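J.: This is the structure I want to talk about, given as structure tokens.
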Amino acid sequence: MSRIGKNPVAIPEGVTLDITDNLVTVKGKLGELTQEFSAVSIKIEEGHVILERPSDHKDHKAKHGLYRALIFNMIEGVTTGWSKELELVGVGYRASNQGNKLDLALGFSHNIVLDIASEVKVETVSEKGKNPIIKLTSHDKQLVGQVAAKIRDFRAPEPYKGKGIKFVGEQLRRKAGKTAAK
């Protein structure tokens, strides 16, 4: 049995959860999220969401844990929200934003201007002597991760000096490089 799927999900105050046909809708103070589901039955009992699967088929087991995790992430997102921070490591790498337009200077011949989805809030922090940081926040965990991965793909960290865009706290695997011949 799925260890994740059999755990009930608590519904905090201020959050409403509606189940209609194959659609779960979660509303909270930060927004509204919807998710389609199949192969499991979802019930609300005493302020908890309980998921049950019809059989021990491999597909049902996989979706049991998946949908429980998705519903938990939706509830967490509309109550507290999700955030990711990216750090620009490299000489001359800069980031600035005007509203939801992110302007990146990453050593290319031109700046990269990226329009970010309206659900994601962007904030750039540039302190003297420190690497610029991009903060992304939203109620949708999947969208925050997708936008962060897209920004990181513009200049992924290289293994020798570590230059590029990395997540704050990410441990990079470094290589030694060449040694001088004697």
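By convention here, the chains of the structure tokens are called A, B, ... in the order presented, each chain's residues are numbered starting at 1, and ligands are numbered starting at 1 in the order presented.
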Would you list the contacts of Arg155 of chain A as a list of chain:residue names, taking every protein, DNA or RNA residue within 8 Å and counting only C-alpha atoms, but skipping same-chain residues closer than 2 positions in sequence?
T.: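 Answer for this query is A:Leu106, A:Ile151, A:Arg152, A:Asp153, A:Pro157, A:Gly164, A:Ile165.
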J.: Those same residues - N, CA, C and O atoms - I'd like them written as a PDB file, in the first residue's frame.
T.:
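Final output, part_27.pdb:
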ATOM      1  N   LEU A 106      23.668  38.016 -18.856  1.00  0.00           N
ATOM      2  CA  LEU A 106      24.378  36.778 -18.523  1.00  0.00           C
ATOM      3  C   LEU A 106      25.642  36.572 -19.359  1.00  0.00           C
ATOM      4  O   LEU A 106      26.071  35.439 -19.563  1.00  0.00           O
ATOM      5  N   ILE A 151      14.553  29.758 -16.208  1.00  0.00           N
ATOM      6  CA  ILE A 151      15.566  30.791 -15.974  1.00  0.00           C
ATOM      7  C   ILE A 151      16.940  30.145 -15.821  1.00  0.00           C
ATOM      8  O   ILE A 151      17.929  30.619 -16.381  1.00  0.00           O
ATOM      9  N   ARG A 152      17.015  29.034 -15.102  1.00  0.00           N
ATOM     10  CA  ARG A 152      18.290  28.341 -14.876  1.00  0.00           C
ATOM     11  C   ARG A 152      18.870  27.821 -16.183  1.00  0.00           C
ATOM     12  O   ARG A 152      20.087  27.782 -16.362  1.00  0.00           O
ATOM     13  N   ASP A 153      18.021  27.416 -17.121  1.00  0.00           N
ATOM     14  CA  ASP A 153      18.486  26.871 -18.396  1.00  0.00           C
ATOM     15  C   ASP A 153      19.198  27.899 -19.272  1.00  0.00           C
ATOM     16  O   ASP A 153      19.937  27.517 -20.182  1.00  0.00           O
ATOM     17  N   PRO A 157      24.963  26.228 -14.335  1.00  0.00           N
ATOM     18  CA  PRO A 157      26.295  26.326 -13.739  1.00  0.00           C
ATOM     19  C   PRO A 157      27.274  25.351 -14.389  1.00  0.00           C
ATOM     20  O   PRO A 157      26.939  24.202 -14.631  1.00  0.00           O
ATOM     21  N   GLY A 164      27.269  30.662 -13.508  1.00  0.00           N
ATOM     22  CA  GLY A 164      25.962  30.386 -14.083  1.00  0.00           C
ATOM     23  C   GLY A 164      24.852  30.726 -13.101  1.00  0.00           C
ATOM     24  O   GLY A 164      25.068  31.411 -12.110  1.00  0.00           O
ATOM     25  N   ILE A 165      23.654  30.226 -13.391  1.00  0.00           N
ATOM     26  CA  ILE A 165      22.496  30.457 -12.523  1.00  0.00           C
ATOM     27  C   ILE A 165      22.245  29.173 -11.752  1.00  0.00           C
ATOM     28  O   ILE A 165      22.054  28.112 -12.337  1.00  0.00           O
TER      29      ILE A 165
END
J.: Hey, what's within 9 Å of Leu33 of chain A if we count only C-alpha atoms and toss same-chain stuff fewer than 3 positions away? As a ChimeraX atom specification, please?
T.: /A:24-28,74-75,77-78,139-140
J.: Go ahead and dump the residues you just picked, N, CA and C atoms, as a tab-separated table (two decimals), in the first residue's frame.
T.:
chain	number	residue	atom	x	y	z
A	24	VAL	N	-10.77	18.49	-8.72
A	24	VAL	CA	-10.63	18.99	-7.36
A	24	VAL	C	-10.29	20.47	-7.46
A	25	THR	N	-11.03	21.31	-6.73
A	25	THR	CA	-10.78	22.75	-6.70
A	25	THR	C	-10.49	23.16	-5.27
A	26	VAL	N	-9.35	23.85	-5.09
A	26	VAL	CA	-8.95	24.32	-3.77
A	26	VAL	C	-8.88	25.84	-3.81
A	27	LYS	N	-9.60	26.51	-2.88
A	27	LYS	CA	-9.60	27.97	-2.80
A	27	LYS	C	-9.07	28.38	-1.44
A	28	GLY	N	-8.22	29.41	-1.45
A	28	GLY	CA	-7.66	29.92	-0.20
A	28	GLY	C	-7.37	31.39	-0.32
A	74	MET	N	-1.42	21.67	-3.27
A	74	MET	CA	-2.41	22.69	-3.59
A	74	MET	C	-2.87	23.40	-2.32
A	75	ILE	N	-3.15	22.64	-1.26
A	75	ILE	CA	-3.60	23.23	0.00
A	75	ILE	C	-2.50	24.09	0.60
A	77	GLY	N	-0.11	25.55	-1.00
A	77	GLY	CA	0.09	26.71	-1.88
A	77	GLY	C	-0.91	27.82	-1.64
A	78	VAL	N	-2.18	27.49	-1.46
A	78	VAL	CA	-3.19	28.54	-1.27
A	78	VAL	C	-3.18	29.10	0.15
A	139	HIS	N	1.35	30.70	-5.65
A	139	HIS	CA	0.57	29.68	-4.95
A	139	HIS	C	0.63	28.35	-5.68
A	140	ASP	N	1.16	28.33	-6.91
A	140	ASP	CA	1.24	27.12	-7.73
A	140	ASP	C	2.67	26.58	-7.72
J.: What's around Asp103 of chain A at 6 Å? Count only C-alpha atoms, leave out sequence neighbours fewer than 5 positions away in its own chain, and write the answer as a list of chain:residue names.
T.: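 After dropping sequence-adjacent residues, the list is A:Ala95, A:Ser96, A:Asn97, A:Ile112, A:Val113.
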J.: Return as a ChimeraX atom specification the full set of residues in chain A whose backbone-based DSSP assignment is alpha helix (DSSP H).
T.: /A:58-79,141-153
J.: Quote the spacing between atom CA of Leu104 of chain A and atom CA of Val144 of chain A in Å to one decimal place.
T.: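 Between atom CA of Leu104 of chain A and atom CA of Val144 of chain A the gap is 17.8 Å.
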J.: Where does DSSP see strand (DSSP E) in chain A, if you list the residues as an MDAnalysis selection string?
T.: chainID A and resid 9:10 16:20 23:28 31:36 41:45 48:52 82:89 94:98 101:105 112:115 121:125 133:138 164:167
J.: For segment 116-129 of chain A, please output as a PyMOL selection string all residues within 6 Å (counting only C-alpha atoms; exclusion window: fewer than 2 positions along the same chain).
T.: chain A and resi 96+100+132-138
J.: Keeping only all heavy atoms, write the selected residues to a file as an mmCIF file, in the first residue's frame.
T.:
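Done, and the output landed in part27.cif:
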data_model
loop_
_atom_site.group_PDB
_atom_site.id
_atom_site.type_symbol
_atom_site.label_atom_id
_atom_site.label_comp_id
_atom_site.auth_asym_id
_atom_site.auth_seq_id
_atom_site.Cartn_x
_atom_site.Cartn_y
_atom_site.Cartn_z
ATOM 1 N N SER A 96 17.354 42.309 -13.238
ATOM 2 C CA SER A 96 16.458 43.370 -12.790
ATOM 3 C C SER A 96 15.069 43.037 -13.290
ATOM 4 O O SER A 96 14.905 42.265 -14.231
ATOM 5 C CB SER A 96 16.918 44.737 -13.305
ATOM 6 O OG SER A 96 16.885 44.761 -14.714
ATOM 7 N N ASN A 100 6.438 42.091 -14.066
ATOM 8 C CA ASN A 100 6.709 40.678 -14.323
ATOM 9 C C ASN A 100 7.620 40.466 -15.527
ATOM 10 O O ASN A 100 7.629 39.401 -16.120
ATOM 11 C CB ASN A 100 5.401 39.910 -14.499
ATOM 12 C CG ASN A 100 4.883 39.390 -13.174
ATOM 13 O OD1 ASN A 100 5.330 39.814 -12.126
ATOM 14 N ND2 ASN A 100 3.957 38.472 -13.222
ATOM 15 N N PRO A 132 23.758 38.591 -7.394
ATOM 16 C CA PRO A 132 22.332 38.932 -7.521
ATOM 17 C C PRO A 132 21.449 37.707 -7.268
ATOM 18 O O PRO A 132 21.818 36.583 -7.612
ATOM 19 C CB PRO A 132 22.196 39.398 -8.971
ATOM 20 C CG PRO A 132 23.575 39.673 -9.431
ATOM 21 C CD PRO A 132 24.492 38.828 -8.625
ATOM 22 N N ILE A 133 20.289 37.939 -6.676
ATOM 23 C CA ILE A 133 19.355 36.860 -6.368
ATOM 24 C C ILE A 133 17.995 37.176 -6.985
ATOM 25 O O ILE A 133 17.524 38.314 -6.922
ATOM 26 C CB ILE A 133 19.228 36.666 -4.843
ATOM 27 C CG1 ILE A 133 20.548 36.132 -4.285
ATOM 28 C CG2 ILE A 133 18.086 35.737 -4.491
ATOM 29 C CD1 ILE A 133 20.573 35.957 -2.801
ATOM 30 N N ILE A 134 17.373 36.160 -7.574
ATOM 31 C CA ILE A 134 16.024 36.274 -8.137
ATOM 32 C C ILE A 134 15.098 35.457 -7.240
ATOM 33 O O ILE A 134 15.337 34.273 -7.014
ATOM 34 C CB ILE A 134 15.967 35.725 -9.578
ATOM 35 C CG1 ILE A 134 16.951 36.451 -10.479
ATOM 36 C CG2 ILE A 134 14.556 35.816 -10.128
ATOM 37 C CD1 ILE A 134 17.151 35.776 -11.818
ATOM 38 N N LYS A 135 14.029 36.086 -6.707
ATOM 39 C CA LYS A 135 13.062 35.404 -5.854
ATOM 40 C C LYS A 135 11.755 35.251 -6.617
ATOM 41 O O LYS A 135 11.202 36.227 -7.103
ATOM 42 C CB LYS A 135 12.824 36.188 -4.571
ATOM 43 C CG LYS A 135 14.029 36.265 -3.665
ATOM 44 C CD LYS A 135 13.721 37.047 -2.413
ATOM 45 C CE LYS A 135 14.955 37.161 -1.545
ATOM 46 N NZ LYS A 135 14.719 37.951 -0.342
ATOM 47 N N LEU A 136 11.268 34.027 -6.712
ATOM 48 C CA LEU A 136 10.001 33.729 -7.380
ATOM 49 C C LEU A 136 9.035 33.194 -6.335
ATOM 50 O O LEU A 136 9.378 32.281 -5.579
ATOM 51 C CB LEU A 136 10.206 32.668 -8.466
ATOM 52 C CG LEU A 136 11.238 32.974 -9.546
ATOM 53 C CD1 LEU A 136 11.507 31.736 -10.370
ATOM 54 C CD2 LEU A 136 10.752 34.099 -10.431
ATOM 55 N N THR A 137 7.816 33.749 -6.265
ATOM 56 C CA THR A 137 6.805 33.267 -5.330
ATOM 57 C C THR A 137 5.463 33.140 -6.045
ATOM 58 O O THR A 137 5.131 33.945 -6.911
ATOM 59 C CB THR A 137 6.626 34.215 -4.119
ATOM 60 O OG1 THR A 137 6.325 35.522 -4.600
ATOM 61 C CG2 THR A 137 7.869 34.268 -3.268
ATOM 62 N N SER A 138 4.698 32.106 -5.666
ATOM 63 C CA SER A 138 3.371 31.890 -6.229
ATOM 64 C C SER A 138 2.632 30.878 -5.363
ATOM 65 O O SER A 138 3.218 30.246 -4.486
ATOM 66 C CB SER A 138 3.470 31.368 -7.664
ATOM 67 O OG SER A 138 2.187 31.100 -8.191
#
J.: To one decimal place in Å, what is the distance between atom CA of Arg174 of chain A and atom CA of Gly145 of chain A?
T.: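 Separating atom CA of Arg174 of chain A from atom CA of Gly145 of chain A is a distance of 24.1 Å.
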J.: How far is it from atom CA of Ile50 of chain A to atom CA of Ile71 of chain A, in Å with one decimal?
T.: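 Result for atom CA of Ile50 of chain A versus atom CA of Ile71 of chain A: 10.3 Å, one decimal.
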J.: Quick one: residues within 12 Å of Asn22 of chain A, only C-alpha atoms counted, chain neighbours fewer than 3 positions away excluded, as a ChimeraX atom specification?
T.: /A:18-19,25,34-42,67
J.: Which one of A:Leu70, A:Gly90, A:Gly65, A:Val15 sits closest to Lys163 of chain A if you count only C-alpha atoms?
T.: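 Among the listed residues, A:Gly90 lies closest to Lys163 of chain A.
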J.: Quick one: residues within 12 Å of Glu45 of chain A, only C-alpha atoms counted, chain neighbours fewer than 4 positions away excluded, as a list in words?
T.: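 What passes the distance filter is Pro8, Val9, Ala10, Ile11, Leu17, Val49, Ile50 and Leu51 of chain A.
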J.: How would the residues just picked look written out with all heavy atoms as a PDB file, in the first residue's frame?
T.:
ATOM      1  N   PRO A   8      -3.987  10.970   5.577  1.00  0.00           N
ATOM      2  CA  PRO A   8      -5.002  11.988   5.289  1.00  0.00           C
ATOM      3  C   PRO A   8      -4.369  13.381   5.210  1.00  0.00           C
ATOM      4  O   PRO A   8      -3.337  13.635   5.826  1.00  0.00           O
ATOM      5  CB  PRO A   8      -5.959  11.889   6.468  1.00  0.00           C
ATOM      6  CG  PRO A   8      -5.169  11.274   7.559  1.00  0.00           C
ATOM      7  CD  PRO A   8      -4.119  10.416   6.916  1.00  0.00           C
ATOM      8  N   VAL A   9      -4.988  14.261   4.431  1.00  0.00           N
ATOM      9  CA  VAL A   9      -4.513  15.634   4.276  1.00  0.00           C
ATOM     10  C   VAL A   9      -5.453  16.536   5.068  1.00  0.00           C
ATOM     11  O   VAL A   9      -6.660  16.537   4.824  1.00  0.00           O
ATOM     12  CB  VAL A   9      -4.502  16.063   2.795  1.00  0.00           C
ATOM     13  CG1 VAL A   9      -3.995  17.488   2.657  1.00  0.00           C
ATOM     14  CG2 VAL A   9      -3.660  15.114   1.965  1.00  0.00           C
ATOM     15  N   ALA A  10      -4.896  17.306   5.991  1.00  0.00           N
ATOM     16  CA  ALA A  10      -5.711  18.205   6.807  1.00  0.00           C
ATOM     17  C   ALA A  10      -6.082  19.441   5.993  1.00  0.00           C
ATOM     18  O   ALA A  10      -5.265  19.974   5.246  1.00  0.00           O
ATOM     19  CB  ALA A  10      -4.951  18.620   8.058  1.00  0.00           C
ATOM     20  N   ILE A  11      -7.325  19.880   6.152  1.00  0.00           N
ATOM     21  CA  ILE A  11      -7.792  21.102   5.488  1.00  0.00           C
ATOM     22  C   ILE A  11      -7.812  22.211   6.534  1.00  0.00           C
ATOM     23  O   ILE A  11      -8.624  22.187   7.454  1.00  0.00           O
ATOM     24  CB  ILE A  11      -9.203  20.910   4.897  1.00  0.00           C
ATOM     25  CG1 ILE A  11      -9.218  19.738   3.910  1.00  0.00           C
ATOM     26  CG2 ILE A  11      -9.656  22.187   4.199  1.00  0.00           C
ATOM     27  CD1 ILE A  11     -10.599  19.367   3.432  1.00  0.00           C
ATOM     28  N   LEU A  17     -12.429  23.149  -0.243  1.00  0.00           N
ATOM     29  CA  LEU A  17     -12.066  22.110  -1.200  1.00  0.00           C
ATOM     30  C   LEU A  17     -13.350  21.544  -1.788  1.00  0.00           C
ATOM     31  O   LEU A  17     -14.214  21.076  -1.034  1.00  0.00           O
ATOM     32  CB  LEU A  17     -11.264  21.023  -0.497  1.00  0.00           C
ATOM     33  CG  LEU A  17     -10.559  20.045  -1.405  1.00  0.00           C
ATOM     34  CD1 LEU A  17      -9.133  19.865  -0.950  1.00  0.00           C
ATOM     35  CD2 LEU A  17     -11.274  18.717  -1.410  1.00  0.00           C
ATOM     36  N   VAL A  49      -8.898  15.239   3.982  1.00  0.00           N
ATOM     37  CA  VAL A  49      -9.121  14.645   2.655  1.00  0.00           C
ATOM     38  C   VAL A  49      -8.540  13.242   2.705  1.00  0.00           C
ATOM     39  O   VAL A  49      -7.378  13.054   3.094  1.00  0.00           O
ATOM     40  CB  VAL A  49      -8.425  15.464   1.549  1.00  0.00           C
ATOM     41  CG1 VAL A  49      -8.652  14.822   0.195  1.00  0.00           C
ATOM     42  CG2 VAL A  49      -8.909  16.890   1.545  1.00  0.00           C
ATOM     43  N   ILE A  50      -9.353  12.249   2.322  1.00  0.00           N
ATOM     44  CA  ILE A  50      -8.920  10.855   2.340  1.00  0.00           C
ATOM     45  C   ILE A  50      -9.030  10.308   0.928  1.00  0.00           C
ATOM     46  O   ILE A  50     -10.064  10.439   0.274  1.00  0.00           O
ATOM     47  CB  ILE A  50      -9.773  10.036   3.317  1.00  0.00           C
ATOM     48  CG1 ILE A  50      -9.583  10.585   4.736  1.00  0.00           C
ATOM     49  CG2 ILE A  50      -9.402   8.566   3.251  1.00  0.00           C
ATOM     50  CD1 ILE A  50     -10.544  10.042   5.737  1.00  0.00           C
ATOM     51  N   LEU A  51      -7.945   9.688   0.458  1.00  0.00           N
ATOM     52  CA  LEU A  51      -7.915   9.097  -0.874  1.00  0.00           C
ATOM     53  C   LEU A  51      -7.904   7.578  -0.755  1.00  0.00           C
ATOM     54  O   LEU A  51      -7.194   7.026   0.084  1.00  0.00           O
ATOM     55  CB  LEU A  51      -6.667   9.546  -1.639  1.00  0.00           C
ATOM     56  CG  LEU A  51      -6.694  10.970  -2.173  1.00  0.00           C
ATOM     57  CD1 LEU A  51      -6.207  11.939  -1.141  1.00  0.00           C
ATOM     58  CD2 LEU A  51      -5.853  11.059  -3.413  1.00  0.00           C
TER      59      LEU A  51
END
